[in-house]
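Chemist: So here's model-v6.csv, just CSV, C-alpha atoms and all ligand atoms:
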```csv
chain,number,residue,atom,x,y,z
A,21,MET,CA,0.0,0.0,0.0
A,22,SER,CA,1.2,3.5,-0.8
A,23,ILE,CA,2.2,5.7,2.1
A,24,ILE,CA,0.6,8.7,0.4
A,25,GLU,CA,-2.2,8.6,-2.1
A,26,LEU,CA,-3.6,11.7,-3.8
A,27,ASN,CA,-6.6,11.0,-5.9
A,28,ASN,CA,-7.8,13.5,-8.5
A,29,ILE,CA,-6.8,16.5,-6.3
A,30,SER,CA,-7.9,20.0,-7.3
A,31,VAL,CA,-7.3,23.2,-5.4
A,32,THR,CA,-9.1,26.4,-6.5
A,33,PHE,CA,-8.4,29.8,-5.1
A,34,LYS,CA,-11.0,32.5,-5.5
A,35,GLN,CA,-9.6,36.1,-5.4
A,36,LYS,CA,-12.1,38.8,-6.0
A,37,LYS,CA,-13.4,38.0,-9.4
A,38,GLU,CA,-10.5,35.8,-10.4
A,39,VAL,CA,-10.5,32.0,-9.9
A,40,VAL,CA,-7.1,30.3,-9.9
A,41,LYS,CA,-7.0,26.6,-10.3
A,42,ALA,CA,-3.6,26.0,-8.6
A,43,VAL,CA,-3.9,22.2,-8.8
A,44,ASP,CA,-6.0,20.5,-11.4
A,45,GLY,CA,-6.9,16.8,-11.1
A,46,VAL,CA,-3.6,15.4,-9.9
A,47,THR,CA,-3.4,11.7,-9.0
A,48,LEU,CA,-0.2,10.6,-7.3
A,49,LYS,CA,0.9,7.5,-5.3
A,50,ILE,CA,4.1,7.7,-3.2
A,51,GLN,CA,5.6,4.4,-1.8
A,52,ARG,CA,7.1,4.0,1.6
A,53,GLY,CA,10.9,4.8,1.4
A,54,ASP,CA,10.6,6.8,-1.8
A,55,ILE,CA,12.4,10.1,-2.3
A,56,PHE,CA,9.8,11.5,-4.6
A,57,GLY,CA,10.8,14.6,-6.5
A,58,ILE,CA,8.1,17.0,-7.7
A,59,LEU,CA,9.7,19.2,-10.3
A,60,GLY,CA,8.3,22.4,-11.9
A,61,PHE,CA,8.7,26.1,-12.4
A,62,SER,CA,7.4,28.7,-9.9
A,63,GLY,CA,3.7,28.8,-9.9
A,64,ALA,CA,3.2,25.2,-11.2
A,65,GLY,CA,1.2,24.3,-8.1
A,66,LYS,CA,3.9,22.1,-6.4
A,67,SER,CA,3.6,23.7,-2.9
A,68,THR,CA,-0.2,23.8,-3.0
A,69,LEU,CA,-0.3,20.1,-4.0
A,70,VAL,CA,2.1,19.1,-1.3
A,71,ARG,CA,0.3,21.1,1.4
A,72,THR,CA,-2.8,19.0,0.8
A,73,ILE,CA,-0.8,16.0,2.2
A,74,ASN,CA,-0.9,17.4,5.7
A,75,LEU,CA,-4.0,19.5,5.1
A,76,LEU,CA,-2.2,22.8,5.5
A,77,GLN,CA,-4.2,23.2,2.3
A,78,LYS,CA,-7.7,21.7,2.0
A,79,PRO,CA,-8.3,20.4,-1.6
A,80,SER,CA,-11.5,21.6,-3.4
A,81,ALA,CA,-11.9,18.1,-4.8
A,82,GLY,CA,-10.4,14.7,-4.6
A,83,ASP,CA,-9.1,12.2,-1.9
A,84,VAL,CA,-6.1,12.4,0.4
A,85,VAL,CA,-5.1,9.1,2.1
A,86,VAL,CA,-1.9,9.1,4.2
A,87,GLN,CA,-0.6,6.0,5.9
A,88,GLY,CA,-3.9,4.3,5.3
A,89,THR,CA,-6.0,7.1,7.0
A,90,THR,CA,-8.4,9.0,4.8
A,91,PHE,CA,-7.9,12.7,5.5
A,92,VAL,CA,-10.2,14.0,2.7
A,93,LYS,CA,-12.8,12.2,0.6
A,94,ASN,CA,-14.4,13.9,-2.4
A,95,GLY,CA,-13.1,17.3,-1.3
A,96,GLN,CA,-14.6,16.9,2.2
A,97,VAL,CA,-12.4,16.6,5.3
A,98,ALA,CA,-13.0,13.1,6.7
A,99,ILE,CA,-11.1,13.3,9.9
A,100,SER,CA,-11.6,15.1,13.2
A,101,GLY,CA,-9.3,18.0,14.2
A,102,LYS,CA,-7.9,16.0,17.0
A,103,GLU,CA,-7.0,13.0,14.9
A,104,LEU,CA,-5.6,15.2,12.2
A,105,GLN,CA,-3.3,16.9,14.7
A,106,LYS,CA,-2.1,13.5,15.8
A,107,HIS,CA,-1.4,12.4,12.2
A,108,ARG,CA,0.3,15.8,11.4
A,109,ARG,CA,2.9,15.2,14.0
A,110,LYS,CA,4.0,12.2,11.9
A,111,ILE,CA,4.5,14.3,8.9
A,112,GLY,CA,7.5,16.6,9.2
A,113,MET,CA,7.9,19.6,6.9
A,114,ILE,CA,10.8,21.9,6.0
A,115,PHE,CA,10.7,25.1,4.0
A,116,GLN,CA,12.9,27.4,1.9
A,117,SER,CA,12.8,30.1,4.6
A,118,PHE,CA,13.6,27.6,7.5
A,119,ASN,CA,10.9,29.2,9.7
A,120,LEU,CA,13.0,29.1,12.9
A,121,LEU,CA,12.2,31.0,16.1
A,122,ASN,CA,14.9,33.6,16.2
A,123,GLU,CA,14.6,34.5,19.8
A,124,THR,CA,15.3,31.1,21.1
A,125,SER,CA,18.4,28.8,20.9
A,126,VAL,CA,18.9,26.0,18.5
A,127,LEU,CA,18.2,23.5,21.2
A,128,GLU,CA,14.9,25.2,22.1
A,129,ASN,CA,13.9,25.4,18.5
A,130,VAL,CA,14.0,21.6,18.3
A,131,ALA,CA,12.6,21.1,21.8
A,132,PHE,CA,9.6,23.4,20.9
A,133,ALA,CA,8.3,20.6,18.6
A,134,LEU,CA,8.2,18.2,21.5
A,135,ARG,CA,6.1,20.5,23.8
A,136,HIS,CA,3.0,18.4,23.3
A,137,SER,CA,4.8,15.1,23.8
A,138,ASN,CA,4.6,13.0,27.0
A,139,LEU,CA,8.3,13.4,27.6
A,140,SER,CA,9.7,15.1,30.7
A,141,ASP,CA,11.8,18.3,30.3
A,142,GLU,CA,14.9,16.2,30.8
A,143,GLU,CA,13.9,13.7,28.1
A,144,ILE,CA,12.9,16.5,25.8
A,145,GLU,CA,16.4,18.0,26.1
A,146,GLU,CA,18.0,14.6,25.7
A,147,LYS,CA,16.0,13.9,22.6
A,148,SER,CA,16.6,17.4,21.1
A,149,LEU,CA,20.4,16.9,21.5
A,150,ARG,CA,20.2,13.5,19.9
A,151,LEU,CA,18.4,15.0,16.9
A,152,LEU,CA,21.0,17.8,16.7
A,153,GLU,CA,23.6,15.1,16.7
A,154,LEU,CA,21.8,13.3,13.9
A,155,VAL,CA,22.1,16.5,11.7
A,156,ASP,CA,25.6,17.0,12.9
A,157,LEU,CA,24.9,20.3,14.8
A,158,LYS,CA,25.1,19.3,18.4
A,159,GLU,CA,28.0,21.7,19.1
A,160,LYS,CA,25.7,24.6,18.1
A,161,ALA,CA,22.9,23.7,20.6
A,162,ASP,CA,23.3,27.0,22.5
A,163,PHE,CA,23.7,29.2,19.5
A,164,TYR,CA,20.9,31.4,18.1
A,165,PRO,CA,19.6,31.0,14.5
A,166,SER,CA,21.2,34.4,13.6
A,167,GLN,CA,24.6,32.9,14.4
A,168,LEU,CA,24.2,30.1,11.9
A,169,SER,CA,24.7,29.8,8.1
A,170,GLY,CA,21.8,29.0,5.8
A,171,GLY,CA,22.7,25.3,5.6
A,172,GLN,CA,23.0,25.1,9.4
A,173,LYS,CA,19.6,26.8,9.9
A,174,GLN,CA,18.1,24.2,7.5
A,175,ARG,CA,19.7,21.4,9.5
A,176,VAL,CA,18.1,22.8,12.7
A,177,ALA,CA,14.8,22.9,10.8
A,178,ILE,CA,15.3,19.2,9.8
A,179,ALA,CA,16.1,18.2,13.4
A,180,ARG,CA,12.9,20.0,14.5
A,181,ALA,CA,10.9,18.3,11.7
A,182,LEU,CA,12.1,14.9,12.9
A,183,ALA,CA,11.2,15.5,16.6
A,184,ASN,CA,8.0,13.5,16.6
A,185,ASP,CA,9.6,10.6,14.7
A,186,PRO,CA,7.7,11.2,11.4
A,187,GLU,CA,7.7,8.6,8.7
A,188,ILE,CA,7.1,11.3,6.1
A,189,LEU,CA,9.1,14.5,5.4
A,190,LEU,CA,7.7,17.2,3.1
A,191,SER,CA,10.5,19.4,1.8
A,192,ASP,CA,9.3,22.6,0.1
A,193,GLU,CA,12.2,24.1,-1.8
A,194,ALA,CA,14.4,23.4,1.2
A,195,THR,CA,17.7,24.0,-0.7
A,196,SER,CA,16.5,26.8,-3.0
A,197,ALA,CA,18.0,29.6,-0.8
A,198,LEU,CA,21.3,27.8,-0.3
A,199,ASP,CA,24.6,28.0,-2.1
A,200,PRO,CA,25.8,24.8,-4.0
A,201,GLN,CA,27.9,23.5,-1.2
A,202,ASN,CA,25.2,23.8,1.5
A,203,THR,CA,22.7,22.5,-1.0
A,204,ASN,CA,24.8,19.3,-1.4
A,205,GLN,CA,25.2,18.9,2.3
A,206,ILE,CA,21.5,19.2,2.9
A,207,LEU,CA,20.7,16.7,0.1
A,208,ASP,CA,23.3,14.3,1.4
A,209,LEU,CA,21.6,14.6,4.9
A,210,LEU,CA,18.2,13.9,3.4
A,211,LYS,CA,19.5,10.9,1.6
A,212,LYS,CA,21.1,9.6,4.9
A,213,LEU,CA,17.8,10.1,6.8
A,214,ASN,CA,16.0,8.2,4.0
A,215,LYS,CA,18.4,5.3,4.2
A,216,GLU,CA,18.9,5.1,7.9
A,217,LEU,CA,15.4,6.0,9.2
A,218,GLY,CA,13.4,4.7,6.2
A,219,LEU,CA,12.0,8.3,6.0
A,220,THR,CA,9.7,8.8,2.9
A,221,ILE,CA,10.6,12.2,1.5
A,222,VAL,CA,8.6,14.4,-0.9
A,223,LEU,CA,11.0,16.8,-2.4
A,224,ILE,CA,9.5,19.9,-4.1
A,225,THR,CA,12.0,21.7,-6.2
A,226,HIS,CA,12.6,23.7,-9.4
A,227,GLN,CA,16.2,22.3,-9.4
A,228,MET,CA,16.8,19.3,-11.6
A,229,GLU,CA,20.2,18.9,-9.9
A,230,ALA,CA,18.5,18.3,-6.5
A,231,VAL,CA,16.2,15.7,-8.0
A,232,LYS,CA,19.0,14.0,-9.8
A,233,LYS,CA,21.1,13.7,-6.7
A,234,ILE,CA,18.7,12.0,-4.4
A,235,ALA,CA,15.2,11.2,-5.9
A,236,ASN,CA,14.2,7.7,-7.0
A,237,ARG,CA,10.9,8.8,-8.6
A,238,VAL,CA,10.0,12.1,-10.2
A,239,ALA,CA,6.8,13.9,-11.1
A,240,VAL,CA,6.8,17.0,-13.3
A,241,MET,CA,4.1,19.7,-12.8
A,242,GLU,CA,3.0,22.5,-15.1
A,243,HIS,CA,0.0,24.9,-14.8
A,244,GLY,CA,-1.5,22.8,-11.9
A,245,HIS,CA,-1.3,19.5,-13.9
A,246,LEU,CA,1.0,16.6,-13.4
A,247,ILE,CA,2.4,16.2,-16.9
A,248,GLU,CA,4.8,13.3,-16.4
A,249,GLU,CA,5.9,10.8,-13.8
A,250,GLY,CA,8.4,8.0,-13.7
A,251,SER,CA,11.6,6.6,-12.2
A,252,LEU,CA,14.6,9.0,-12.2
A,253,LYS,CA,16.1,7.1,-15.0
A,254,GLN,CA,13.0,7.3,-17.1
A,255,ILE,CA,12.6,11.0,-16.6
A,256,PHE,CA,16.3,11.6,-17.3
A,257,LEU,CA,16.8,9.4,-20.3
A,258,GLU,CA,13.3,9.1,-21.8
A,259,PRO,CA,11.5,12.4,-21.1
A,260,LYS,CA,8.2,12.5,-23.0
A,261,LYS,CA,7.2,16.1,-22.5
A,262,GLU,CA,8.8,19.3,-23.7
A,263,LEU,CA,9.1,20.8,-20.2
A,264,THR,CA,10.8,17.6,-18.9
A,265,ARG,CA,13.3,17.7,-21.7
A,266,ASN,CA,14.0,21.3,-20.9
A,267,PHE,CA,14.7,20.3,-17.3
A,268,VAL,CA,17.0,17.5,-18.3
A,269,GLY,CA,18.7,19.3,-21.2
A,270,GLY,CA,21.1,22.1,-20.5
A,271,SER,CA,22.4,20.7,-17.2
A,272,SER,CA,23.7,23.6,-15.1
A,273,ALA,CA,27.3,22.6,-15.4
A,274,ALA,CA,27.1,22.3,-19.2
A,275,ILE,CA,25.4,25.7,-19.4
A,276,SER,CA,28.1,27.3,-17.3
A,277,THR,CA,30.9,25.7,-19.4
A,278,LEU,CA,29.2,26.9,-22.6
A,279,ASN,CA,28.9,30.4,-21.3
A,280,LYS,CA,32.6,30.4,-20.4
A,281,LEU,CA,33.5,29.2,-23.9
A,282,ASN,CA,31.6,32.3,-25.3
A,283,LEU,CA,31.1,30.7,-28.7
A,284,ASP,CA,30.3,32.7,-31.8
A,285,LYS,CA,26.9,32.4,-33.3
A,286,LEU,CA,26.6,29.0,-35.0
A,287,SER,CA,26.7,28.7,-38.7
A,288,GLU,CA,24.1,26.8,-40.7
A,289,ASN,CA,26.3,23.7,-40.8
A,290,GLU,CA,26.9,23.6,-37.0
A,291,ALA,CA,24.7,22.5,-34.2
A,292,ILE,CA,25.2,21.9,-30.5
A,293,TYR,CA,23.7,18.8,-28.9
A,294,GLN,CA,23.6,17.5,-25.3
A,295,LEU,CA,23.9,13.8,-25.4
A,296,THR,CA,22.6,11.9,-22.4
A,297,TYR,CA,22.9,8.1,-22.1
A,298,SER,CA,23.3,5.2,-19.7
A,299,LEU,CA,26.8,3.8,-19.8
A,300,SER,CA,25.3,0.3,-19.5
A,301,ASN,CA,23.2,0.8,-22.7
A,302,VAL,CA,25.8,2.6,-24.8
A,303,THR,CA,28.9,0.5,-25.2
A,304,LYS,CA,30.1,1.7,-28.6
A,305,SER,CA,32.3,4.7,-29.1
A,306,ILE,CA,29.5,6.8,-30.6
A,307,ILE,CA,31.7,9.8,-31.2
A,308,ILE,CA,34.2,7.9,-33.3
A,309,GLU,CA,31.4,6.4,-35.3
A,310,LEU,CA,29.8,9.7,-36.0
A,311,TYR,CA,32.9,10.7,-37.8
A,312,SER,CA,34.0,7.4,-39.4
A,313,LYS,CA,30.5,6.3,-40.6
A,314,LEU,CA,28.7,9.5,-41.1
A,315,GLY,CA,31.5,12.0,-41.8
A,316,VAL,CA,30.3,14.4,-39.1
A,317,GLU,CA,33.0,16.4,-37.4
A,318,VAL,CA,32.6,16.4,-33.6
A,319,SER,CA,34.1,18.9,-31.1
A,320,MET,CA,33.7,18.0,-27.5
A,321,LEU,CA,32.6,21.0,-25.4
A,322,TYR,CA,31.6,19.4,-22.1
A,323,GLY,CA,31.6,15.9,-20.6
A,324,ASN,CA,30.6,14.3,-17.3
A,325,VAL,CA,29.6,11.0,-15.9
A,326,GLU,CA,27.5,10.8,-12.7
A,327,LEU,CA,25.6,8.2,-10.7
A,328,LEU,CA,21.8,8.3,-10.8
A,329,ASN,CA,20.6,5.8,-8.3
A,330,GLU,CA,23.9,4.1,-8.6
A,331,GLU,CA,23.7,3.9,-12.4
A,332,PRO,CA,26.4,5.7,-14.4
A,333,ILE,CA,24.9,8.3,-16.7
A,334,GLY,CA,27.0,10.2,-19.2
A,335,THR,CA,26.3,13.7,-20.4
A,336,LEU,CA,28.3,15.1,-23.3
A,337,VAL,CA,27.9,18.5,-25.1
A,338,VAL,CA,29.2,18.3,-28.6
A,339,LEU,CA,29.4,20.7,-31.6
A,340,LEU,CA,28.6,18.8,-34.7
A,341,LYS,CA,29.7,20.1,-38.1
A,342,GLY,CA,28.0,18.8,-41.2
A,343,ASP,CA,25.3,19.7,-43.7
A,344,LEU,CA,21.6,19.4,-42.7
A,345,GLU,CA,21.5,15.8,-44.1
A,346,LYS,CA,24.4,14.7,-42.1
A,347,GLN,CA,23.1,16.4,-39.0
A,348,LYS,CA,19.8,14.5,-39.4
A,349,ALA,CA,21.6,11.2,-40.0
A,350,ALA,CA,23.7,11.9,-36.8
A,351,ARG,CA,20.6,12.5,-34.7
A,352,GLU,CA,19.0,9.3,-36.0
A,353,PHE,CA,22.1,7.3,-35.4
A,354,LEU,CA,22.3,8.6,-31.8
A,355,ALA,CA,18.7,7.9,-31.1
A,356,LYS,CA,19.1,4.3,-32.4
A,357,GLU,CA,22.0,3.9,-30.0
A,358,ASN,CA,19.8,4.9,-27.0
A,359,VAL,CA,21.3,8.4,-26.6
A,360,LEU,CA,18.9,11.2,-25.7
A,361,VAL,CA,19.7,14.1,-28.0
A,362,THR,CA,18.7,17.6,-27.0
A,363,GLU,CA,19.7,20.6,-29.2
A,364,LEU,CA,21.1,23.5,-27.4
A,365,ASP,CA,22.0,27.0,-28.5
A,366,GLU,CA,25.5,28.5,-28.1
A,367,ARG,CA,24.6,29.6,-24.5
A,368,GLY,CA,23.4,26.1,-23.5
A,369,GLN,CA,19.7,26.9,-23.5
A,370,VAL,CA,17.4,24.2,-24.9
A,371,ASN,CA,16.4,25.0,-28.5
A,372,ALA,CA,12.7,24.4,-28.7
B,401,LIG,N1,-3.4,31.3,-0.9
B,401,LIG,C1,-3.4,31.5,-2.3
B,401,LIG,N2,-4.4,32.4,-2.8
B,401,LIG,C2,-4.5,32.6,-4.1
B,401,LIG,N3,-3.7,32.0,-5.0
B,401,LIG,C3,-2.7,31.2,-4.6
B,401,LIG,C4,-2.5,30.9,-3.2
B,401,LIG,N4,-1.5,30.0,-3.1
B,401,LIG,C5,-1.0,29.8,-4.3
B,401,LIG,N5,-1.8,30.5,-5.2
B,401,LIG,C6,-1.6,30.5,-6.7
B,401,LIG,O1,-1.6,29.1,-7.1
B,401,LIG,C7,-0.6,28.9,-8.1
B,401,LIG,C8,0.3,27.8,-7.7
B,401,LIG,O2,1.1,28.2,-6.6
B,401,LIG,P1,2.2,27.3,-5.8
B,401,LIG,O3,2.8,28.1,-4.8
B,401,LIG,O4,1.5,26.0,-5.4
B,401,LIG,O5,3.2,27.0,-7.0
B,401,LIG,P2,4.7,26.4,-6.9
B,401,LIG,O6,4.9,25.5,-8.0
B,401,LIG,O7,4.9,25.8,-5.5
B,401,LIG,O8,5.6,27.6,-7.0
B,401,LIG,P3,6.6,28.4,-6.0
B,401,LIG,O9,7.8,27.5,-5.9
B,401,LIG,O10,6.8,29.7,-6.6
B,401,LIG,O11,5.8,28.4,-4.7
B,401,LIG,C9,0.0,30.2,-8.4
B,401,LIG,O12,-0.6,30.8,-9.5
B,401,LIG,C10,-0.2,31.0,-7.1
B,401,LIG,O13,-0.2,32.4,-7.4
```
Translate the structure described by the file into structure tokens.

Modeler:
Amino acid sequence: MSIIELNNISVTFKQKKEVVKAVDGVTLKIQRGDIFGILGFSGAGKSTLVRTINLLQKPSAGDVVVQGTTFVKNGQVAISGKELQKHRRKIGMIFQSFNLLNETSVLENVAFALRHSNLSDEEIEEKSLRLLELVDLKEKADFYPSQLSGGQKQRVAIARALANDPEILLSDEATSALDPQNTNQILDLLKKLNKELGLTIVLITHQMEAVKKIANRVAVMEHGHLIEEGSLKQIFLEPKKELTRNFVGGSSAAISTLNKLNLDKLSENEAIYQLTYSLSNVTKSIIIELYSKLGVEVSMLYGNVELLNEEPIGTLVVLLKGDLEKQKAAREFLAKENVLVTELDERGQVNA
């Protein structure tokens, strides 16, 4: 049984005369132990959708079932306030803005989440320190949030979110305000918590890099709709929708490399492609064959191999030189070899 089931969820906001359908008929099943990435640009409806899981947002229509308990049936709340409160404690949540209490210490921030527990003051302190140790921040227990870096603040927020031993953690753009180094540390921590505690994580983000690093399943949202869903590998290597291709194409490292190269405008016989492929599917030296079989000249602009759920995935950005016919033959050859081909412009943006 899925740990989270959203069935045909819609959320409508009415503002004066305007009606905004923030979420439109989304059905989603999340399995226990998943790190489920929900990817989409700002305004796609990700936060609104995820807030229906703990009923911070009541859906206008649809069903919400969490850990086997029906919270909402046909758009109607189906659980008492008291029961909901009990269940909510088992659903941790972290945000882009950390939402810490600035007037209290790090330790008290975590302890605050335990104020309704049956633990004694001593036990609360002990547990809060244990949680801070889990996020590697025990030595900052007596500090105040203003004395911490963004990454450290997010770690306090994570410790607080784990205080009531939740099985689910909702992460709403938790790394969006952080620099790349802190982002990586937080993502590593989330992965560790998933592995060690079996925590199911719903990761809302507009950053493909975050999804790539830790998610095992991915859904893509656009204009309130869920437009695509699959395993990380499916989304990465076989994206079906234009928007998904855009997220996958033009990886941020490739874009930054291309910008540094500062290439001139491409001529008619030139094209830049991002090639993405699983190393286990592509064994031939495709680049050599492009030249030897098809007579297409290839310049390498960027290359990288990374692990996606332990599977090595290659990303190359190449400049191909050849007339239109050769370019077409090259694309067909690559597609036949299980290589995802995305055309980029000279700045690394996806050419629609
Ligand atoms: N309380 C609200 N009242 C009115 N409109 C809202 C409300 N909350 C969200 N919206 C609208 O619903 C749509 C989806 O917003 P939502 O915050 O869910 O998107 P998102 O994908 O999470 O983007 P972001 O990352 O920018 O928050 C937007 O058009 C937003 O303006």

Chemist: Do you know which residues are within 7 Å of ligand LIG 401 (chain B) using all atoms listed in the file? Can you write them as a ChimeraX atom specification?

Modeler: /A:33-35,40-42,60-69,193,244

Chemist: Separation of atom CA of Ile221 of chain A and atom CA of Thr47 of chain A, in Å?

Modeler: 17.5 Å

Chemist: Could you please determine the separation between atom CA of Val46 of chain A and atom CA of Ile29 of chain A in Å, to one decimal place?

Modeler: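 Taking atom CA of Val46 of chain A as the start and atom CA of Ile29 of chain A as the end point, the length is 4.9 Å.
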
Chemist: Might you pull out every residue within 12 Å of segment 101-106 of chain A, with only C-alpha atoms counted and same-chain residues fewer than 2 positions away left off, and present them as a list of chain:residue names?

Modeler: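 Final neighbour list, sorted by chain and number: A:Ile73, A:Asn74, A:Leu75, A:Leu76, A:Val85, A:Val86, A:Thr89, A:Thr90, A:Phe91, A:Val92, A:Val97, A:Ala98, A:Ile99, A:Arg108, A:Arg109, A:Lys110, A:Ile111, A:His136, A:Ser137, A:Asn184, A:Pro186.
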
Chemist: Put those residues in a file: C-alpha atoms, as a tab-separated table (two decimals), keeping the file's coordinate frame.

Modeler:
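Contents of again24.tsv, freshly written:
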```tsv
chain	number	residue	atom	x	y	z
A	73	ILE	CA	-0.80	16.00	2.20
A	74	ASN	CA	-0.90	17.40	5.70
A	75	LEU	CA	-4.00	19.50	5.10
A	76	LEU	CA	-2.20	22.80	5.50
A	85	VAL	CA	-5.10	9.10	2.10
A	86	VAL	CA	-1.90	9.10	4.20
A	89	THR	CA	-6.00	7.10	7.00
A	90	THR	CA	-8.40	9.00	4.80
A	91	PHE	CA	-7.90	12.70	5.50
A	92	VAL	CA	-10.20	14.00	2.70
A	97	VAL	CA	-12.40	16.60	5.30
A	98	ALA	CA	-13.00	13.10	6.70
A	99	ILE	CA	-11.10	13.30	9.90
A	108	ARG	CA	0.30	15.80	11.40
A	109	ARG	CA	2.90	15.20	14.00
A	110	LYS	CA	4.00	12.20	11.90
A	111	ILE	CA	4.50	14.30	8.90
A	136	HIS	CA	3.00	18.40	23.30
A	137	SER	CA	4.80	15.10	23.80
A	184	ASN	CA	8.00	13.50	16.60
A	186	PRO	CA	7.70	11.20	11.40
```

Chemist: Counting all atoms listed in the file, which residues have an atom no more than 9 Å from (10.4, 19.8, 25.4) in the file's coordinates? Please list them as an MDAnalysis selection string.

Modeler: chainID A and resid 128 130:137 139:145 147:148

Chemist: Is there a way to complete segment 117-132 of chain A with N, CA, C and O atoms and then write that out as a PDB file, keeping the file's coordinate frame?

Modeler:
```pdb
ATOM      1  N   SER A 117      12.456  28.957   3.709  1.00  0.00           N
ATOM      2  CA  SER A 117      12.800  30.100   4.600  1.00  0.00           C
ATOM      3  C   SER A 117      13.082  29.566   6.050  1.00  0.00           C
ATOM      4  O   SER A 117      13.138  30.371   6.976  1.00  0.00           O
ATOM      5  N   PHE A 118      13.251  28.289   6.251  1.00  0.00           N
ATOM      6  CA  PHE A 118      13.600  27.600   7.500  1.00  0.00           C
ATOM      7  C   PHE A 118      12.568  27.753   8.620  1.00  0.00           C
ATOM      8  O   PHE A 118      12.359  26.826   9.373  1.00  0.00           O
ATOM      9  N   ASN A 119      11.923  28.931   8.730  1.00  0.00           N
ATOM     10  CA  ASN A 119      10.900  29.200   9.700  1.00  0.00           C
ATOM     11  C   ASN A 119      11.319  28.833  11.177  1.00  0.00           C
ATOM     12  O   ASN A 119      10.601  28.171  11.921  1.00  0.00           O
ATOM     13  N   LEU A 120      12.510  29.289  11.560  1.00  0.00           N
ATOM     14  CA  LEU A 120      13.000  29.100  12.900  1.00  0.00           C
ATOM     15  C   LEU A 120      12.512  30.197  13.846  1.00  0.00           C
ATOM     16  O   LEU A 120      12.193  31.290  13.368  1.00  0.00           O
ATOM     17  N   LEU A 121      12.483  29.907  15.143  1.00  0.00           N
ATOM     18  CA  LEU A 121      12.200  31.000  16.100  1.00  0.00           C
ATOM     19  C   LEU A 121      13.494  31.661  16.436  1.00  0.00           C
ATOM     20  O   LEU A 121      14.399  31.053  17.011  1.00  0.00           O
ATOM     21  N   ASN A 122      13.580  32.933  16.068  1.00  0.00           N
ATOM     22  CA  ASN A 122      14.900  33.600  16.200  1.00  0.00           C
ATOM     23  C   ASN A 122      15.282  33.999  17.567  1.00  0.00           C
ATOM     24  O   ASN A 122      16.452  34.223  17.845  1.00  0.00           O
ATOM     25  N   GLU A 123      14.287  34.082  18.470  1.00  0.00           N
ATOM     26  CA  GLU A 123      14.600  34.500  19.800  1.00  0.00           C
ATOM     27  C   GLU A 123      15.013  33.404  20.744  1.00  0.00           C
ATOM     28  O   GLU A 123      15.311  33.623  21.910  1.00  0.00           O
ATOM     29  N   THR A 124      14.978  32.184  20.246  1.00  0.00           N
ATOM     30  CA  THR A 124      15.300  31.100  21.100  1.00  0.00           C
ATOM     31  C   THR A 124      16.534  30.300  20.517  1.00  0.00           C
ATOM     32  O   THR A 124      16.829  30.430  19.332  1.00  0.00           O
ATOM     33  N   SER A 125      17.183  29.531  21.380  1.00  0.00           N
ATOM     34  CA  SER A 125      18.400  28.800  20.900  1.00  0.00           C
ATOM     35  C   SER A 125      18.057  27.699  19.972  1.00  0.00           C
ATOM     36  O   SER A 125      16.884  27.320  19.820  1.00  0.00           O
ATOM     37  N   VAL A 126      19.102  27.175  19.372  1.00  0.00           N
ATOM     38  CA  VAL A 126      18.900  26.000  18.500  1.00  0.00           C
ATOM     39  C   VAL A 126      18.268  24.872  19.190  1.00  0.00           C
ATOM     40  O   VAL A 126      17.305  24.272  18.690  1.00  0.00           O
ATOM     41  N   LEU A 127      18.748  24.579  20.398  1.00  0.00           N
ATOM     42  CA  LEU A 127      18.200  23.500  21.200  1.00  0.00           C
ATOM     43  C   LEU A 127      16.690  23.707  21.444  1.00  0.00           C
ATOM     44  O   LEU A 127      15.858  22.817  21.264  1.00  0.00           O
ATOM     45  N   GLU A 128      16.358  24.943  21.839  1.00  0.00           N
ATOM     46  CA  GLU A 128      14.900  25.200  22.100  1.00  0.00           C
ATOM     47  C   GLU A 128      14.072  25.175  20.895  1.00  0.00           C
ATOM     48  O   GLU A 128      12.892  24.809  20.970  1.00  0.00           O
ATOM     49  N   ASN A 129      14.654  25.531  19.752  1.00  0.00           N
ATOM     50  CA  ASN A 129      13.900  25.400  18.500  1.00  0.00           C
ATOM     51  C   ASN A 129      13.452  23.979  18.267  1.00  0.00           C
ATOM     52  O   ASN A 129      12.332  23.728  17.836  1.00  0.00           O
ATOM     53  N   VAL A 130      14.363  23.050  18.539  1.00  0.00           N
ATOM     54  CA  VAL A 130      14.000  21.600  18.300  1.00  0.00           C
ATOM     55  C   VAL A 130      13.061  21.174  19.431  1.00  0.00           C
ATOM     56  O   VAL A 130      12.049  20.508  19.159  1.00  0.00           O
ATOM     57  N   ALA A 131      13.373  21.563  20.660  1.00  0.00           N
ATOM     58  CA  ALA A 131      12.600  21.100  21.800  1.00  0.00           C
ATOM     59  C   ALA A 131      11.107  21.623  21.671  1.00  0.00           C
ATOM     60  O   ALA A 131      10.167  20.950  22.108  1.00  0.00           O
ATOM     61  N   PHE A 132      10.928  22.781  21.030  1.00  0.00           N
ATOM     62  CA  PHE A 132       9.600  23.400  20.900  1.00  0.00           C
ATOM     63  C   PHE A 132       8.626  22.367  20.208  1.00  0.00           C
ATOM     64  O   PHE A 132       7.443  22.311  20.555  1.00  0.00           O
TER      65      PHE A 132
END
```
